[in-house]
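Notes for the one structure printed next.
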Amino acid sequence: FRLHGVCDENPLAPLIRSLGLTLYRTSGDNSVLYDHDLESYALFDMDGHQVPQQIVIEVGDTFKRILNETEKIRDEHDDDMSVLQAISIVLDRHPELRQEGLANEVLQWYVCRMEAWFAADADMISLKCWDQEHVLSGGHGLMVKGYDPIIKALAKDIDTRINHRVSKISYGYNKLMVTVEDGRNFVADAAIVTVPIGVLKANLIQFEPKLPDWKVAAVSDLGVGSENKIALLFDSVFWPNVELMGIVAPTSYACGYFLNLHKATGHPVLVYMAAGRFAFDLEKLSDESAADFVMLQLRKMFPNATEPVQYLVSRWGTDPNSLGCYSYDVVGMPGDLYERLRAPLGNLFFGGEAVSMDHQGSVHGAYSAGIMAAENCKRHLLKRVGNLGKLHVDSFSHGFLETTFPIQISRM
């Protein structure tokens, strides 16, 4: 429900403008790793005591220095390593950057937020690639009404078939056939595969002929992480009027934070965020147990916390339609991986956030990758028919690109 890059450069901006959707800004341009600024927050330790803001500010500055020092480690080593390993080397070289006690717990919380950006643990994230993403300007924003209006607008006048889980794709040059789980077949001139990378990695779709080794390796070599949300709706607000509330701990695994959606939506809703191994471990619990765990954390901070009226628990890691949240660059990832992921196979094309080299893990990355795949597919078909007049292809985005409505942004 977040927009990374509140600017006209964002390919979703024309749709957002034309639909008159409102954004709630959560961070500014200087926020590379985090989609929420630390200008409005409250951090607590495991016992529920609030952390002095001066400690949070000082440790935040130290964390920035540590990350800057990891660039030197990257320059010194030809082989890739994890971000966590690089941080360890930095702390060995600069013991003055080490933190103890409560300050170390705050440092671990910063690491936790970094891991949430990638939906993966710091020991899995590539040092060479972690800061190479092209982050759009304008900061980050919350889609107050979610992405549903955009999805509905994109789906208008399109023959969309839901609840059709694909089990097999038989492809070639002239025709292909898509088989769904109930045995029905759909024949087409071409197809664009945009299923989540986790589904491809799990081989839940059979390809005939089999995907070539270079394509299989590209799918295998890309990481897929998980970031789950536990949304809690209450009768009334009992928490402070801040953007987020965090829990610091001796390890990043045990840290966490709540987003305060009341500021953006006016509804008494908190969303607990969990990423990486912790997100996968949470999925081992029932919805009720997961909500109970989160409430236990919340009551340490706010003893007067009431029971939630309703709660929703995401399970991206085990959902058979996703098997993960979004992709990330693993340690030692080949440099040509994205080119191989994007490369078509005859009349079979590939889209989705995972093939977006500059904007992976984002909705606008998935959207722009889909547009690119559609353009490539169109060129393929036009080349076959040899005449533009023989093929009618609608350009959905054209009308939106001509709109001049400003993006509506608020900050409460």
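So you can find residues: chains in the structure tokens are A, B, ... in the order shown, residues in each start at 1, and ligands are numbered from 1 in order.
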Contacts of Tyr338 (chain A) within 12 Å, only C-alpha atoms, excl. fewer than 3 positions in-chain, as a short mmCIF file (atom, residue, chain, number, x, y, z; two decimals) with C-alpha atoms, in the first residue's frame:
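Output (part-v3.cif):
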data_model
loop_
_atom_site.label_atom_id
_atom_site.label_comp_id
_atom_site.auth_asym_id
_atom_site.auth_seq_id
_atom_site.Cartn_x
_atom_site.Cartn_y
_atom_site.Cartn_z
CA TRP A 214 20.37 -20.18 -18.27
CA LYS A 215 16.78 -19.17 -17.48
CA ALA A 217 19.72 -20.49 -13.16
CA ALA A 218 18.52 -16.87 -13.27
CA VAL A 219 15.34 -17.80 -11.39
CA SER A 220 17.32 -19.86 -8.90
CA ASP A 221 20.01 -17.25 -8.25
CA LEU A 222 17.65 -14.42 -7.34
CA SER A 327 12.94 -10.32 -4.67
CA TYR A 328 16.34 -9.17 -3.43
CA ASP A 329 19.98 -9.48 -4.53
CA MET A 333 24.61 -12.82 -7.60
CA PRO A 334 25.71 -12.87 -11.28
CA GLY A 335 25.74 -9.45 -12.95
CA LEU A 341 15.26 -13.10 -16.30
CA ARG A 342 13.79 -10.59 -18.76
CA ALA A 343 14.85 -12.42 -21.90
CA PRO A 344 11.87 -13.87 -23.85
CA PHE A 350 8.52 -12.27 -18.61
CA GLY A 351 7.44 -9.37 -16.39
CA GLY A 352 6.94 -8.62 -12.71
CA GLU A 353 8.96 -6.80 -10.04
CA ALA A 354 11.69 -9.46 -10.09
CA VAL A 355 12.81 -8.56 -13.62
CA SER A 356 13.02 -4.84 -12.84
CA MET A 357 16.72 -4.19 -12.30
CA ASP A 358 16.30 -0.62 -11.03
CA HIS A 359 13.00 -0.90 -9.14
CA GLN A 360 12.68 -4.46 -7.87
CA ALA A 369 8.44 -4.24 -16.22
#
For Asp182 (chain A), please output as a PDB file with all heavy atoms, in the first residue's frame all residues within 12 Å (counting only C-alpha atoms; exclusion window: fewer than 5 positions along the same chain).
ATOM      1  N   ASN A 163      -9.040 -16.839 -10.168  1.00  0.00           N
ATOM      2  CA  ASN A 163      -9.139 -18.234  -9.717  1.00  0.00           C
ATOM      3  C   ASN A 163      -8.817 -19.222 -10.836  1.00  0.00           C
ATOM      4  O   ASN A 163      -9.440 -20.283 -10.937  1.00  0.00           O
ATOM      5  CB  ASN A 163     -10.529 -18.518  -9.134  1.00  0.00           C
ATOM      6  CG  ASN A 163     -10.835 -17.669  -7.920  1.00  0.00           C
ATOM      7  OD1 ASN A 163      -9.966 -17.455  -7.068  1.00  0.00           O
ATOM      8  ND2 ASN A 163     -12.055 -17.155  -7.827  1.00  0.00           N
ATOM      9  N   HIS A 164      -7.856 -18.859 -11.653  1.00  0.00           N
ATOM     10  CA  HIS A 164      -7.356 -19.742 -12.710  1.00  0.00           C
ATOM     11  C   HIS A 164      -5.866 -19.968 -12.462  1.00  0.00           C
ATOM     12  O   HIS A 164      -5.020 -19.268 -13.021  1.00  0.00           O
ATOM     13  CB  HIS A 164      -7.561 -19.120 -14.102  1.00  0.00           C
ATOM     14  CG  HIS A 164      -8.957 -19.210 -14.618  1.00  0.00           C
ATOM     15  ND1 HIS A 164     -10.034 -18.730 -13.918  1.00  0.00           N
ATOM     16  CD2 HIS A 164      -9.454 -19.726 -15.775  1.00  0.00           C
ATOM     17  CE1 HIS A 164     -11.141 -18.936 -14.618  1.00  0.00           C
ATOM     18  NE2 HIS A 164     -10.808 -19.532 -15.751  1.00  0.00           N
ATOM     19  N   ARG A 165      -5.535 -20.920 -11.598  1.00  0.00           N
ATOM     20  CA  ARG A 165      -4.131 -21.174 -11.287  1.00  0.00           C
ATOM     21  C   ARG A 165      -3.496 -21.985 -12.409  1.00  0.00           C
ATOM     22  O   ARG A 165      -3.918 -23.102 -12.710  1.00  0.00           O
ATOM     23  CB  ARG A 165      -3.995 -21.904  -9.951  1.00  0.00           C
ATOM     24  CG  ARG A 165      -2.542 -22.034  -9.496  1.00  0.00           C
ATOM     25  CD  ARG A 165      -2.396 -22.730  -8.152  1.00  0.00           C
ATOM     26  NE  ARG A 165      -2.766 -21.854  -7.056  1.00  0.00           N
ATOM     27  CZ  ARG A 165      -3.765 -22.105  -6.225  1.00  0.00           C
ATOM     28  NH1 ARG A 165      -4.512 -23.178  -6.384  1.00  0.00           N
ATOM     29  NH2 ARG A 165      -4.022 -21.279  -5.246  1.00  0.00           N
ATOM     30  N   VAL A 166      -2.480 -21.415 -13.038  1.00  0.00           N
ATOM     31  CA  VAL A 166      -1.831 -22.046 -14.184  1.00  0.00           C
ATOM     32  C   VAL A 166      -0.936 -23.183 -13.717  1.00  0.00           C
ATOM     33  O   VAL A 166      -0.154 -23.032 -12.776  1.00  0.00           O
ATOM     34  CB  VAL A 166      -1.003 -21.016 -14.977  1.00  0.00           C
ATOM     35  CG1 VAL A 166      -0.203 -21.688 -16.082  1.00  0.00           C
ATOM     36  CG2 VAL A 166      -1.917 -19.945 -15.549  1.00  0.00           C
ATOM     37  N   SER A 167      -1.032 -24.324 -14.378  1.00  0.00           N
ATOM     38  CA  SER A 167      -0.204 -25.480 -14.032  1.00  0.00           C
ATOM     39  C   SER A 167       0.816 -25.815 -15.114  1.00  0.00           C
ATOM     40  O   SER A 167       1.838 -26.443 -14.836  1.00  0.00           O
ATOM     41  CB  SER A 167      -1.091 -26.712 -13.774  1.00  0.00           C
ATOM     42  OG  SER A 167      -1.860 -27.014 -14.922  1.00  0.00           O
ATOM     43  N   LYS A 168       0.543 -25.369 -16.367  1.00  0.00           N
ATOM     44  CA  LYS A 168       1.455 -25.744 -17.452  1.00  0.00           C
ATOM     45  C   LYS A 168       1.387 -24.697 -18.566  1.00  0.00           C
ATOM     46  O   LYS A 168       0.319 -24.146 -18.854  1.00  0.00           O
ATOM     47  CB  LYS A 168       1.084 -27.120 -18.015  1.00  0.00           C
ATOM     48  CG  LYS A 168       1.988 -27.630 -19.127  1.00  0.00           C
ATOM     49  CD  LYS A 168       1.530 -29.013 -19.591  1.00  0.00           C
ATOM     50  CE  LYS A 168       2.397 -29.546 -20.713  1.00  0.00           C
ATOM     51  NZ  LYS A 168       1.948 -30.886 -21.176  1.00  0.00           N
TER      52      LYS A 168
END
What are the nearest atom pairs, with distances in Å to one decimal, for all residues of region 265-306 of chain A that come at most 9 Å from region 44-65 of chain A, using only C-alpha atoms, set out by chain and rising residue number as JSON lines?
{"residue": "A:Gln297", "atom": "CA", "partner": "A:Met46", "partner_atom": "CA", "distance": 8.0}
{"residue": "A:Leu298", "atom": "CA", "partner": "A:Gly48", "partner_atom": "CA", "distance": 8.5}
{"residue": "A:Arg299", "atom": "CA", "partner": "A:Gly48", "partner_atom": "CA", "distance": 8.0}
{"residue": "A:Lys300", "atom": "CA", "partner": "A:Gly48", "partner_atom": "CA", "distance": 4.5}
{"residue": "A:Met301", "atom": "CA", "partner": "A:Gly48", "partner_atom": "CA", "distance": 4.4}
{"residue": "A:Phe302", "atom": "CA", "partner": "A:Gly48", "partner_atom": "CA", "distance": 7.6}
{"residue": "A:Pro303", "atom": "CA", "partner": "A:Gly48", "partner_atom": "CA", "distance": 8.9}
Problem - Which of A:Leu296, A:Ala119, A:Ile16, A:Met114 sits closest to Ser362 (chain A) [using only C-alpha atoms] - result: A:Ala119
Handout entry: Top pick for closest residue to Leu204 (chain A), considering A:Glu243, A:Glu181, A:Asp189, A:Glu105 and counting only C-alpha atoms
Key = A:Glu181
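In this structure, CA of Ala188 (chain A) sits 10.9 Å away from CA of Tyr173 (chain A).
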